[in-house]
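What's in target_37.txt: compact mmCIF, C-alpha atoms
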```txt
# COMPACT_ATOMS: atom_id res chain seq x y z
CA MET A 184 -9.62 2.85 -2.57
CA GLN A 185 -13.21 3.36 -1.54
CA ARG A 186 -14.75 5.06 1.42
CA ARG A 187 -18.27 5.62 2.58
CA SER A 188 -19.53 8.18 5.04
CA ARG A 189 -21.45 7.35 8.19
CA THR A 190 -25.03 6.48 7.40
CA ALA A 191 -27.86 8.55 8.74
CA VAL A 192 -29.00 5.60 10.85
CA LEU A 193 -25.62 5.22 12.53
CA ALA A 194 -25.38 8.95 13.10
CA ALA A 195 -28.75 9.00 14.79
CA ALA A 196 -27.87 5.96 16.89
CA SER A 197 -24.62 7.57 17.96
CA LEU A 198 -26.41 10.71 19.13
CA LEU A 199 -28.99 8.70 21.05
CA LEU A 200 -26.32 6.63 22.76
CA ALA A 201 -24.28 9.71 23.62
CA ALA A 202 -27.33 11.26 25.26
CA GLY A 203 -28.36 8.12 27.12
CA CYS A 204 -25.06 6.65 28.33
CA SER A 205 -23.95 7.46 31.87
CA SER A 206 -20.96 5.09 32.17
CA GLY A 207 -17.54 5.39 30.58
CA GLY A 208 -17.76 9.14 30.04
CA GLY A 209 -14.86 11.51 29.67
CA PRO A 210 -12.04 11.67 27.15
CA ALA A 211 -10.41 8.52 25.87
CA ALA A 212 -6.99 7.55 27.12
CA THR A 213 -5.59 8.07 23.63
CA GLY A 214 -5.76 11.82 23.79
CA GLY A 215 -8.95 13.23 25.27
CA GLY A 216 -10.60 16.52 24.54
CA SER A 217 -12.52 17.34 21.40
CA ALA A 218 -11.49 16.07 18.01
CA ALA A 219 -10.20 18.58 15.50
CA PRO A 220 -12.70 19.55 12.81
CA LYS A 221 -12.64 16.82 10.19
CA GLY A 222 -10.31 17.48 7.29
CA THR A 223 -8.69 20.49 8.96
CA ALA A 224 -5.18 20.92 10.23
CA PRO A 225 -4.58 19.04 13.51
CA GLY A 226 -3.50 20.75 16.68
CA ALA A 227 -0.17 18.91 16.78
CA THR A 228 2.42 19.48 14.11
CA ALA A 229 3.06 16.69 11.60
CA SER A 230 6.79 16.69 12.38
CA PRO A 231 7.37 17.61 16.05
CA SER A 232 10.70 19.03 17.11
CA ALA A 233 13.56 16.62 17.68
CA ALA A 234 14.68 18.57 20.76
CA PRO A 235 15.97 16.46 23.66
CA SER A 236 13.69 15.73 26.60
CA ALA A 237 13.95 17.97 29.64
CA THR A 238 15.05 14.98 31.72
CA ALA A 239 16.47 11.92 30.00
CA PRO A 240 15.68 8.50 31.50
CA PRO A 241 18.52 6.48 33.05
CA ALA A 242 20.55 4.18 30.85
CA LYS A 243 19.40 1.15 32.84
CA GLY A 244 15.75 0.50 33.63
CA SER A 245 13.78 -2.20 35.37
CA VAL A 246 10.71 -4.39 34.85
CA LYS A 247 8.71 -6.10 37.56
CA VAL A 248 5.67 -8.29 36.89
CA VAL A 249 3.27 -7.22 39.63
CA GLY A 250 0.33 -9.39 38.61
CA THR A 251 -1.59 -11.36 36.03
CA LEU A 252 -4.79 -9.59 35.05
CA THR A 253 -6.43 -12.43 33.13
CA THR A 254 -5.70 -15.77 31.46
CA GLY A 255 -7.28 -18.00 28.84
CA LEU A 256 -7.36 -15.53 25.96
CA LYS A 257 -7.33 -17.02 22.46
CA SER A 258 -5.06 -15.45 19.83
CA PRO A 259 -5.16 -11.95 21.38
CA TRP A 260 -3.89 -9.19 19.10
CA GLY A 261 -5.16 -5.61 19.33
CA VAL A 262 -5.80 -3.89 22.67
CA ALA A 263 -7.51 -0.55 23.37
CA VAL A 264 -7.88 1.15 26.74
CA LEU A 265 -11.36 2.44 27.59
CA PRO A 266 -11.98 5.52 29.71
CA GLY A 267 -11.78 4.23 33.27
CA GLY A 268 -9.02 1.76 32.43
CA ASP A 269 -10.76 -1.42 31.24
CA LEU A 270 -9.31 -3.10 28.16
CA LEU A 271 -10.87 -4.15 24.87
CA VAL A 272 -9.00 -7.12 23.38
CA ALA A 273 -9.35 -8.48 19.83
CA SER A 274 -9.02 -12.19 19.05
CA ARG A 275 -7.32 -12.56 15.69
CA ASP A 276 -8.63 -16.03 14.86
CA THR A 277 -12.19 -15.83 16.22
CA GLY A 278 -13.08 -12.30 15.09
CA THR A 279 -14.36 -11.40 18.54
CA ILE A 280 -13.74 -8.55 20.98
CA VAL A 281 -13.81 -9.00 24.75
CA ARG A 282 -13.73 -6.50 27.59
CA VAL A 283 -11.34 -7.18 30.45
CA SER A 284 -11.87 -5.43 33.77
CA ALA A 285 -8.73 -3.61 34.89
CA GLU A 286 -9.85 -4.11 38.47
CA ASN A 287 -10.39 -7.86 38.67
CA GLY A 288 -9.67 -9.33 35.21
CA LYS A 289 -13.26 -10.38 34.58
CA THR A 290 -13.76 -11.03 30.86
CA THR A 291 -16.99 -10.16 29.05
CA LYS A 292 -17.65 -10.85 25.37
CA VAL A 293 -18.50 -7.59 23.64
CA GLY A 294 -19.34 -9.08 20.26
CA SER A 295 -18.14 -10.53 16.97
CA VAL A 296 -17.21 -8.47 13.92
CA PRO A 297 -18.95 -9.71 10.76
CA GLY A 298 -16.82 -10.24 7.68
CA VAL A 299 -13.57 -11.14 9.45
CA ASP A 300 -11.73 -13.79 7.41
CA PRO A 301 -8.89 -15.19 9.56
CA GLY A 302 -6.02 -17.04 7.97
CA GLY A 303 -2.24 -16.92 8.19
CA GLU A 304 -1.34 -13.61 9.82
CA GLY A 305 -4.71 -12.03 8.99
CA GLY A 306 -7.93 -11.79 10.96
CA MET A 307 -9.17 -9.50 13.70
CA LEU A 308 -6.17 -7.23 14.34
CA GLY A 309 -5.87 -3.70 15.74
CA LEU A 310 -8.32 -1.83 17.95
CA ALA A 311 -8.65 1.85 18.85
CA VAL A 312 -11.15 3.87 20.86
CA SER A 313 -12.49 7.16 19.52
CA PRO A 314 -10.90 10.25 21.13
CA THR A 315 -14.48 11.37 21.82
CA PHE A 316 -15.71 8.00 23.07
CA GLY A 317 -17.73 9.56 25.88
CA ALA A 318 -19.95 11.20 23.27
CA ASP A 319 -19.91 8.84 20.29
CA ARG A 320 -19.19 5.39 21.88
CA GLU A 321 -17.18 4.37 18.80
CA VAL A 322 -14.62 1.57 18.63
CA TYR A 323 -12.40 1.21 15.56
CA ALA A 324 -11.10 -2.12 14.24
CA TYR A 325 -8.58 -3.13 11.55
CA PHE A 326 -9.39 -6.57 10.14
CA THR A 327 -8.92 -8.92 7.22
CA THR A 328 -11.83 -9.84 4.96
CA ALA A 329 -12.04 -12.25 2.02
CA SER A 330 -10.87 -9.48 -0.32
CA ASP A 331 -8.80 -6.94 1.63
CA ASN A 332 -7.80 -5.43 4.95
CA ARG A 333 -10.05 -2.60 6.09
CA ILE A 334 -10.85 -0.28 8.97
CA ALA A 335 -14.37 0.04 10.36
CA ARG A 336 -15.98 1.67 13.36
CA MET A 337 -18.75 0.31 15.51
CA ILE A 338 -20.91 1.78 18.24
CA TYR A 339 -20.32 0.01 21.55
CA ASP A 340 -23.41 -0.21 23.75
CA GLU A 341 -22.44 -1.90 27.01
CA LYS A 342 -26.06 -1.80 28.20
CA ARG A 343 -26.95 -4.53 25.73
CA ALA A 344 -26.51 -8.24 26.47
CA PRO A 345 -22.91 -9.55 26.48
CA GLY A 346 -21.94 -10.74 23.01
CA ASP A 347 -24.37 -8.34 21.34
CA GLN A 348 -22.90 -4.97 22.28
CA LEU A 349 -21.43 -3.93 18.92
CA GLY A 350 -23.36 -2.05 16.26
CA ALA A 351 -23.02 -2.79 12.55
CA PRO A 352 -19.55 -1.99 11.16
CA ASP A 353 -19.25 1.29 9.27
CA THR A 354 -16.28 0.86 6.93
CA ILE A 355 -14.20 4.03 6.75
CA LEU A 356 -11.29 2.67 4.68
CA ARG A 357 -11.08 -0.39 2.46
CA GLY A 358 -8.65 -1.69 -0.14
CA ILE A 359 -5.60 -2.27 2.06
CA PRO A 360 -3.85 -5.26 0.45
CA LYS A 361 -4.19 -8.61 2.25
CA GLY A 362 -2.10 -11.77 2.23
CA GLU A 363 -1.19 -14.86 4.19
CA ILE A 364 1.61 -12.77 5.72
CA HIS A 365 2.39 -9.10 6.41
CA ASN A 366 -1.07 -7.65 6.94
CA GLY A 367 0.14 -4.95 9.32
CA GLY A 368 -2.86 -4.15 11.49
CA ARG A 369 -1.96 -1.76 14.30
CA ILE A 370 -4.18 1.33 14.59
CA ALA A 371 -4.09 4.21 17.07
CA PHE A 372 -5.33 7.76 17.46
CA GLY A 373 -2.49 10.26 17.70
CA PRO A 374 -2.16 13.43 19.77
CA ASP A 375 -3.70 15.26 16.79
CA LYS A 376 -6.89 13.16 17.16
CA MET A 377 -6.27 11.62 13.74
CA LEU A 378 -6.28 7.85 13.12
CA TYR A 379 -3.02 6.16 12.12
CA ALA A 380 -2.66 2.64 10.70
CA GLY A 381 0.38 0.46 10.03
CA THR A 382 0.12 -1.81 6.99
CA GLY A 383 2.20 -4.59 5.44
CA GLU A 384 3.22 -5.42 1.89
CA THR A 385 1.66 -8.95 2.02
CA GLY A 386 4.89 -10.52 0.76
CA ASP A 387 4.68 -8.52 -2.49
CA THR A 388 7.73 -6.38 -1.79
CA GLY A 389 7.07 -3.92 -4.62
CA LEU A 390 3.99 -2.57 -2.84
CA ALA A 391 6.17 -0.88 -0.21
CA GLN A 392 7.61 1.55 -2.80
CA ASP A 393 4.38 1.91 -4.80
CA LYS A 394 2.90 5.25 -3.78
CA GLU A 395 -0.49 4.26 -5.22
CA SER A 396 -0.79 1.20 -2.96
CA LEU A 397 -1.83 1.25 0.69
CA GLY A 398 0.47 -1.70 1.41
CA GLY A 399 3.78 -1.25 3.26
CA LYS A 400 2.82 2.18 4.58
CA ILE A 401 1.75 4.17 7.59
CA LEU A 402 -1.60 5.80 6.93
CA ARG A 403 -3.05 8.94 8.54
CA MET A 404 -6.71 9.84 8.25
CA THR A 405 -9.59 11.64 9.88
CA PRO A 406 -11.98 9.60 12.05
CA ASP A 407 -14.12 9.33 8.89
CA GLY A 408 -11.26 7.77 6.90
CA GLU A 409 -10.47 10.86 4.82
CA PRO A 410 -7.02 12.35 4.02
CA VAL A 411 -5.75 14.94 6.50
CA HIS A 412 -4.29 18.36 5.79
CA GLY A 413 -0.57 17.94 6.37
CA ASN A 414 -0.26 14.55 4.67
CA PRO A 415 2.33 14.47 1.87
CA ARG A 416 -0.47 14.33 -0.71
CA ALA A 417 -3.70 16.21 -0.08
CA ASP A 418 -5.78 13.47 -1.72
CA SER A 419 -4.16 10.49 0.01
CA VAL A 420 -4.14 8.89 3.46
CA ILE A 421 -0.55 7.70 2.88
CA TYR A 422 1.76 9.29 5.46
CA ASP A 423 5.05 7.54 4.67
CA TYR A 424 6.24 4.47 2.73
CA GLY A 425 8.93 1.81 2.30
CA HIS A 426 7.85 -0.54 5.12
CA ARG A 427 7.80 -4.34 5.18
CA ASN A 428 5.28 -4.95 7.96
CA VAL A 429 4.46 -2.25 10.52
CA GLN A 430 3.28 -3.82 13.79
CA GLY A 431 3.53 -1.13 16.47
CA LEU A 432 2.69 2.58 16.78
CA ALA A 433 3.32 4.90 19.75
CA TRP A 434 3.93 8.59 20.48
CA ASP A 435 6.48 9.94 22.93
CA ASP A 436 6.04 12.95 25.22
CA GLY A 437 7.21 15.21 22.38
CA LYS A 438 4.32 13.97 20.19
CA ARG A 439 6.75 12.16 17.90
CA LEU A 440 5.51 8.98 16.22
CA TRP A 441 7.49 5.73 16.53
CA ALA A 442 6.86 2.46 14.68
CA SER A 443 8.18 -1.08 14.97
CA GLU A 444 8.73 -3.18 11.87
CA PHE A 445 9.47 -6.80 11.00
CA GLY A 446 12.66 -7.34 9.04
CA GLN A 447 13.16 -10.29 6.73
CA ASN A 448 16.28 -12.26 7.59
CA THR A 449 18.65 -9.69 9.03
CA TRP A 450 17.29 -6.62 10.80
CA ASP A 451 14.13 -5.67 12.64
CA GLU A 452 13.59 -1.94 13.11
CA LEU A 453 12.35 0.84 15.36
CA ASN A 454 11.66 3.90 13.22
CA LEU A 455 11.02 7.54 13.99
CA VAL A 456 8.20 8.32 11.59
CA GLU A 457 8.04 11.55 9.61
CA PRO A 458 5.65 12.43 6.77
CA GLY A 459 6.76 11.62 3.25
CA LYS A 460 9.90 9.74 4.29
CA ASN A 461 10.96 6.51 2.55
CA TYR A 462 12.03 3.80 5.01
CA GLY A 463 13.75 1.75 2.36
CA TRP A 464 12.09 -1.65 2.06
CA PRO A 465 12.80 -3.71 -0.02
CA GLU A 466 15.98 -1.90 -1.10
CA VAL A 467 17.27 -1.58 2.46
CA GLU A 468 16.79 -3.77 5.53
CA GLY A 469 18.03 -2.03 8.66
CA LYS A 470 20.51 0.83 8.45
CA ALA A 471 21.84 1.73 4.99
CA LYS A 472 25.56 1.17 4.47
CA GLY A 473 28.17 1.56 1.78
CA ALA A 474 26.78 2.31 -1.67
CA GLN A 475 23.28 2.73 -0.26
CA SER A 476 24.27 5.69 1.91
CA GLY A 477 22.86 8.99 0.69
CA SER A 478 20.17 7.22 -1.31
CA GLY A 479 17.34 9.11 0.37
CA TYR A 480 16.23 6.22 2.57
CA THR A 481 15.59 6.94 6.23
CA ASP A 482 17.50 4.73 8.66
CA PRO A 483 15.87 3.18 11.73
CA VAL A 484 16.84 4.60 15.10
CA GLU A 485 17.51 1.09 16.40
CA GLN A 486 17.78 -2.34 14.81
CA TRP A 487 17.86 -5.95 16.06
CA LYS A 488 18.69 -9.36 14.66
CA THR A 489 15.38 -11.00 13.77
CA LYS A 490 15.97 -13.90 16.19
CA ASP A 491 16.15 -11.39 19.04
CA ALA A 492 13.04 -9.41 18.26
CA SER A 493 10.44 -9.88 15.49
CA PRO A 494 8.71 -6.90 17.07
CA SER A 495 5.00 -6.39 17.45
CA GLY A 496 3.31 -3.75 19.62
CA ILE A 497 5.10 -0.82 21.23
CA ALA A 498 4.22 1.65 23.99
CA TYR A 499 5.81 4.73 25.52
CA ALA A 500 6.26 5.08 29.28
CA LYS A 501 8.85 6.47 31.69
CA GLY A 502 10.87 8.10 28.91
CA SER A 503 11.30 4.88 26.93
CA ILE A 504 9.77 2.93 24.08
CA TRP A 505 8.81 -0.57 25.20
CA MET A 506 8.69 -3.15 22.40
CA ALA A 507 7.03 -6.57 22.59
CA SER A 508 8.85 -9.29 20.65
CA LEU A 509 7.41 -12.48 19.19
CA ARG A 510 10.26 -14.70 18.01
CA GLY A 511 12.60 -12.97 20.46
CA GLU A 512 10.22 -13.70 23.39
CA ARG A 513 11.33 -10.64 25.33
CA LEU A 514 10.39 -7.05 26.10
CA TRP A 515 12.84 -4.42 24.86
CA ARG A 516 13.37 -1.03 26.50
CA ILE A 517 14.71 1.78 24.32
CA ALA A 518 15.44 4.80 26.55
CA LEU A 519 15.24 8.08 24.63
CA ASN A 520 16.56 11.59 25.03
CA GLY A 521 14.50 13.33 22.36
CA THR A 522 15.06 11.28 19.24
CA GLU A 523 18.35 9.71 20.36
CA PRO A 524 18.77 6.52 22.39
CA VAL A 525 20.34 7.06 25.81
CA ALA A 526 22.02 3.65 25.72
CA ALA A 527 21.86 0.30 23.97
CA PRO A 528 18.42 -1.36 24.09
CA GLN A 529 17.81 -3.41 27.22
CA ALA A 530 15.97 -6.77 27.19
CA PHE A 531 13.63 -8.13 29.90
CA LEU A 532 11.57 -11.28 30.50
CA LYS A 533 13.58 -13.29 27.95
CA GLY A 534 11.73 -16.57 27.38
CA THR A 535 9.74 -16.22 30.60
CA TYR A 536 6.29 -15.84 29.04
CA GLY A 537 6.90 -16.95 25.45
CA ARG A 538 5.87 -14.79 22.50
CA LEU A 539 4.86 -11.23 23.34
CA ARG A 540 2.31 -9.54 21.06
CA THR A 541 1.08 -6.24 22.48
CA VAL A 542 2.23 -3.76 25.12
CA VAL A 543 0.01 -0.88 26.21
CA ALA A 544 0.58 2.06 28.54
CA ALA A 545 -1.82 1.82 31.47
CA GLY A 546 -1.87 5.58 32.12
CA ASP A 547 -0.12 5.54 35.51
CA GLY A 548 3.35 4.75 34.19
CA SER A 549 2.80 0.99 34.29
CA LEU A 550 2.25 -1.31 31.30
CA TRP A 551 -0.11 -4.05 30.19
CA LEU A 552 1.71 -6.85 28.37
CA VAL A 553 -0.15 -9.43 26.25
CA THR A 554 1.34 -12.82 25.35
CA SER A 555 0.83 -14.57 21.98
CA ASN A 556 1.32 -18.31 22.40
CA THR A 557 -2.03 -19.47 20.98
CA ASP A 558 -1.48 -17.92 17.55
CA GLY A 559 -0.29 -21.17 15.93
CA ARG A 560 3.41 -20.30 16.18
CA GLY A 561 3.92 -20.40 19.92
CA LYS A 562 3.98 -23.18 22.49
CA PRO A 563 0.94 -22.60 24.72
CA ARG A 564 1.42 -22.98 28.45
CA LYS A 565 -1.24 -23.48 31.06
CA GLY A 566 -3.26 -20.28 31.26
CA ASP A 567 -2.18 -18.85 27.89
CA ASP A 568 -2.76 -16.37 26.59
CA ARG A 569 -2.55 -13.85 29.41
CA ILE A 570 -2.30 -10.15 30.24
CA LEU A 571 0.40 -9.12 32.71
CA ARG A 572 0.71 -5.89 34.69
CA LEU A 573 4.24 -4.48 34.69
CA LYS A 574 5.86 -1.87 36.89
CA VAL A 575 8.67 -0.30 34.87
CA SER A 576 11.36 2.33 35.20
```

Rewrite the structure from the file as structure tokens, please.
Amino acid sequence: MQRRSRTAVLAAASLLLAAGCSSGGGPAATGGGSAAPKGTAPGATASPSAAPSATAPPAKGSVKVVGTLTTGLKSPWGVAVLPGGDLLVASRDTGTIVRVSAENGKTTKVGSVPGVDPGGEGGMLGLAVSPTFGADREVYAYFTTASDNRIARMIYDEKRAPGDQLGAPDTILRGIPKGEIHNGGRIAFGPDKMLYAGTGETGDTGLAQDKESLGGKILRMTPDGEPVHGNPRADSVIYDYGHRNVQGLAWDDGKRLWASEFGQNTWDELNLVEPGKNYGWPEVEGKAKGAQSGSGYTDPVEQWKTKDASPSGIAYAKGSIWMASLRGERLWRIALNGTEPVAAPQAFLKGTYGRLRTVVAAGDGSLWLVTSNTDGRGKPRKGDDRILRLKVS
């Protein structure tokens, strides 16, 4: 595992941009405010209370597609919301990032990320915007190279010509195992202003239980890619372990972290994530039963047959986790009272828009939903891939 600090050139460029930029100011939608001092204890606790919510959502919810924001996206994967509401969208197979106007759907190429090596399930994957974007203009990306998966940050200068708005990547974490399958890829800043990343075990199942490997884990790090006080090991970015392929990360209103995970042949999972816990793969798929009970593995909160889910991105809105499903071609609603489901998961949009890759909270209680029919496994329809606006309850 290797890391390098921000170069003096990038630091100077960041300060100049922060002083000169007048658009897109204010805190990022992922948390806002000032980041905690790097390497110090975050403001939020690592394991928030499991107390029930003040008002639980109803057992039955609703989904209404109120519009199509844009069409014609190619292999969209990661999505990050900019201050002001516009979206940054990563193309897995082209290694590019585009900006989509939340007002009219206009798409502008931001730039290409050098070193992206697409293939199989790898390529340009997750995106996140710095919690202090108004000052530092930094965009984070998780992507596959010829040798590994890694996380880098880039300065985004929207005053430059379209297609040339990204600065040189500054790699903050390298050495995440790569493969044709199970590259993980979702990244997000948490309420503690720390960066979290979901990884996969690349088909090498033993990596999930190997505490020296970054594969099959959820990682937690400072914005510079360093371990955070409160991680299980002071010298490691590993936050938990025993995952097959983490694809979605989201926090509820109690600052609890949830993650979606691909199963193999039997059970897909939604997990409540806590530091140091072992989520069982490859010894357990889904909830432990019989002789496996009491083994120390942490059960998922919900599970699905793989034909009904194959989950990717998740978001939290209106008291529920919303989970986009690829093979299942539907959007799942998991209504929560604290850490407990209010009722059985509820499915929406079954087969209506094909494979669903990413779902993002829009900030007003609505959702952005991104299809995934041009990824080589779907059946593209006219206009694919697209971003839909959903009104939910």

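Ranking A:Glu485, A:Val322, A:Ile570, A:Pro259 by their shortest atom-to-atom distance to Ala526 (chain A), with all atoms listed in the file included, puts A:Glu485 first.
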
Given only C-alpha atoms as the counted atoms, nearest of A:Pro352, A:Pro314, A:Gly399, A:Gly358 to Met377 (chain A):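 Closest to Met377 (chain A), using only C-alpha atoms: A:Pro314.
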
For Asp558 (chain A), the nearest of the candidates A:Ala344, A:Ile359, A:Leu256, A:Ala371, counting only C-alpha atoms: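 Comparing A:Ala344, A:Ile359, A:Leu256, A:Ala371 against Asp558 (chain A), the winner is A:Leu256.
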
Test item: residues at most 12 Å from Tyr323 (chain A), only C-alpha atoms, excluding those fewer than 5 positions along its chain, as a PyMOL selection string: chain A and resi 261-263+271-273+280+296+307-314+316+333-339+349-356+368-372+378-380+406-408

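Proximity to Arg510 (chain A) was assessed for A:Val553, A:Leu539, A:Val575, A:Ile401 counting all atoms listed in the file; the smallest distance is recorded for A:Leu539.
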
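Summary of the local environment: counting all atoms listed in the file, residues at most 8 Å from Phe531 (chain A), other than itself and those fewer than 4 positions away along its chain, are Val246, Arg513, Leu514, Trp515 and Arg516 of chain A.
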
Selection file, C-alpha atoms, as an mmCIF file, in the coordinates of the input:
```
data_model
loop_
_atom_site.group_PDB
_atom_site.id
_atom_site.type_symbol
_atom_site.label_atom_id
_atom_site.label_comp_id
_atom_site.auth_asym_id
_atom_site.auth_seq_id
_atom_site.Cartn_x
_atom_site.Cartn_y
_atom_site.Cartn_z
ATOM 1 C CA VAL A 246 10.710 -4.390 34.850
ATOM 2 C CA ARG A 513 11.330 -10.640 25.330
ATOM 3 C CA LEU A 514 10.390 -7.050 26.100
ATOM 4 C CA TRP A 515 12.840 -4.420 24.860
ATOM 5 C CA ARG A 516 13.370 -1.030 26.500
#
```

Exercise: region 247-253 of chain A partners within 12 Å, all atoms listed in the file, chain neighbours under 6 positions left out, as a VMD selection string: chain A and resid 259 269 to 270 272 281 to 291 514 531 to 532 535 to 536 549 to 554 566 to 576

Could those residues be written to a file, using C-alpha atoms, as a PDB file, in the frame of the given file?
```
ATOM      1  CA  PRO A 259      -5.160 -11.950  21.380  1.00  0.00           C
ATOM      2  CA  ASP A 269     -10.760  -1.420  31.240  1.00  0.00           C
ATOM      3  CA  LEU A 270      -9.310  -3.100  28.160  1.00  0.00           C
ATOM      4  CA  VAL A 272      -9.000  -7.120  23.380  1.00  0.00           C
ATOM      5  CA  VAL A 281     -13.810  -9.000  24.750  1.00  0.00           C
ATOM      6  CA  ARG A 282     -13.730  -6.500  27.590  1.00  0.00           C
ATOM      7  CA  VAL A 283     -11.340  -7.180  30.450  1.00  0.00           C
ATOM      8  CA  SER A 284     -11.870  -5.430  33.770  1.00  0.00           C
ATOM      9  CA  ALA A 285      -8.730  -3.610  34.890  1.00  0.00           C
ATOM     10  CA  GLU A 286      -9.850  -4.110  38.470  1.00  0.00           C
ATOM     11  CA  ASN A 287     -10.390  -7.860  38.670  1.00  0.00           C
ATOM     12  CA  GLY A 288      -9.670  -9.330  35.210  1.00  0.00           C
ATOM     13  CA  LYS A 289     -13.260 -10.380  34.580  1.00  0.00           C
ATOM     14  CA  THR A 290     -13.760 -11.030  30.860  1.00  0.00           C
ATOM     15  CA  THR A 291     -16.990 -10.160  29.050  1.00  0.00           C
ATOM     16  CA  LEU A 514      10.390  -7.050  26.100  1.00  0.00           C
ATOM     17  CA  PHE A 531      13.630  -8.130  29.900  1.00  0.00           C
ATOM     18  CA  LEU A 532      11.570 -11.280  30.500  1.00  0.00           C
ATOM     19  CA  THR A 535       9.740 -16.220  30.600  1.00  0.00           C
ATOM     20  CA  TYR A 536       6.290 -15.840  29.040  1.00  0.00           C
ATOM     21  CA  SER A 549       2.800   0.990  34.290  1.00  0.00           C
ATOM     22  CA  LEU A 550       2.250  -1.310  31.300  1.00  0.00           C
ATOM     23  CA  TRP A 551      -0.110  -4.050  30.190  1.00  0.00           C
ATOM     24  CA  LEU A 552       1.710  -6.850  28.370  1.00  0.00           C
ATOM     25  CA  VAL A 553      -0.150  -9.430  26.250  1.00  0.00           C
ATOM     26  CA  THR A 554       1.340 -12.820  25.350  1.00  0.00           C
ATOM     27  CA  GLY A 566      -3.260 -20.280  31.260  1.00  0.00           C
ATOM     28  CA  ASP A 567      -2.180 -18.850  27.890  1.00  0.00           C
ATOM     29  CA  ASP A 568      -2.760 -16.370  26.590  1.00  0.00           C
ATOM     30  CA  ARG A 569      -2.550 -13.850  29.410  1.00  0.00           C
ATOM     31  CA  ILE A 570      -2.300 -10.150  30.240  1.00  0.00           C
ATOM     32  CA  LEU A 571       0.400  -9.120  32.710  1.00  0.00           C
ATOM     33  CA  ARG A 572       0.710  -5.890  34.690  1.00  0.00           C
ATOM     34  CA  LEU A 573       4.240  -4.480  34.690  1.00  0.00           C
ATOM     35  CA  LYS A 574       5.860  -1.870  36.890  1.00  0.00           C
ATOM     36  CA  VAL A 575       8.670  -0.300  34.870  1.00  0.00           C
ATOM     37  CA  SER A 576      11.360   2.330  35.200  1.00  0.00           C
TER      38      SER A 576
END
```

Point-to-point distance from CA of Lys257 (chain A) to CA of Thr279 (chain A), Å rounded to tenths: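 Taking CA of Lys257 (chain A) as the start and CA of Thr279 (chain A) as the end point, the length is 9.8 Å.
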
Residue nearest Ala433 (chain A) among A:Ile364, A:Pro374, A:Glu304, A:Asp451 (counting all atoms listed in the file):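 Going through A:Ile364, A:Pro374, A:Glu304, A:Asp451 one by one, the smallest distance to Ala433 (chain A) is for A:Pro374.
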
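Separating CA of Tyr462 (chain A) from CA of Asp435 (chain A) is a distance of 19.7 Å.
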
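One finds CA of Asp300 (chain A) at 25.9 Å from CA of Leu265 (chain A).
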
Given all atoms listed in the file as the counted atoms, nearest of A:Arg343, A:His412, A:Arg564, A:His426 to Thr382 (chain A):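 Using all atoms listed in the file, the shortest distance to Thr382 (chain A) belongs to A:His426.
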
Start from the incomplete input, build N, CA and C atoms for region 462-473 of chain A, and deliver everything as a short mmCIF file (atom, residue, chain, number, x, y, z; two decimals), keeping the file's coordinate frame.
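Output saved as part26.cif:
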```cif
data_model
loop_
_atom_site.label_atom_id
_atom_site.label_comp_id
_atom_site.auth_asym_id
_atom_site.auth_seq_id
_atom_site.Cartn_x
_atom_site.Cartn_y
_atom_site.Cartn_z
N TYR A 462 11.29 4.61 4.04
CA TYR A 462 12.03 3.80 5.01
C TYR A 462 12.72 2.60 4.38
N GLY A 463 12.76 2.56 3.04
CA GLY A 463 13.75 1.75 2.36
C GLY A 463 13.37 0.38 1.86
N TRP A 464 12.39 -0.28 2.48
CA TRP A 464 12.09 -1.65 2.06
C TRP A 464 11.50 -1.65 0.63
N PRO A 465 11.90 -2.58 -0.25
CA PRO A 465 12.80 -3.71 -0.02
C PRO A 465 14.26 -3.44 -0.37
N GLU A 466 14.60 -2.20 -0.70
CA GLU A 466 15.98 -1.90 -1.10
C GLU A 466 16.93 -1.95 0.08
N VAL A 467 16.43 -1.62 1.27
CA VAL A 467 17.27 -1.58 2.46
C VAL A 467 16.55 -2.31 3.59
N GLU A 468 17.29 -3.14 4.31
CA GLU A 468 16.79 -3.77 5.53
C GLU A 468 17.72 -3.33 6.66
N GLY A 469 17.19 -2.60 7.63
CA GLY A 469 18.03 -2.03 8.66
C GLY A 469 18.70 -0.75 8.18
N LYS A 470 19.83 -0.42 8.77
CA LYS A 470 20.51 0.83 8.45
C LYS A 470 21.28 0.71 7.14
N ALA A 471 21.16 1.72 6.29
CA ALA A 471 21.84 1.73 4.99
C ALA A 471 23.35 1.85 5.19
N LYS A 472 24.10 1.13 4.37
CA LYS A 472 25.56 1.17 4.47
C LYS A 472 26.18 1.19 3.08
N GLY A 473 27.41 1.61 3.01
CA GLY A 473 28.17 1.56 1.78
C GLY A 473 27.52 2.33 0.66
#
```
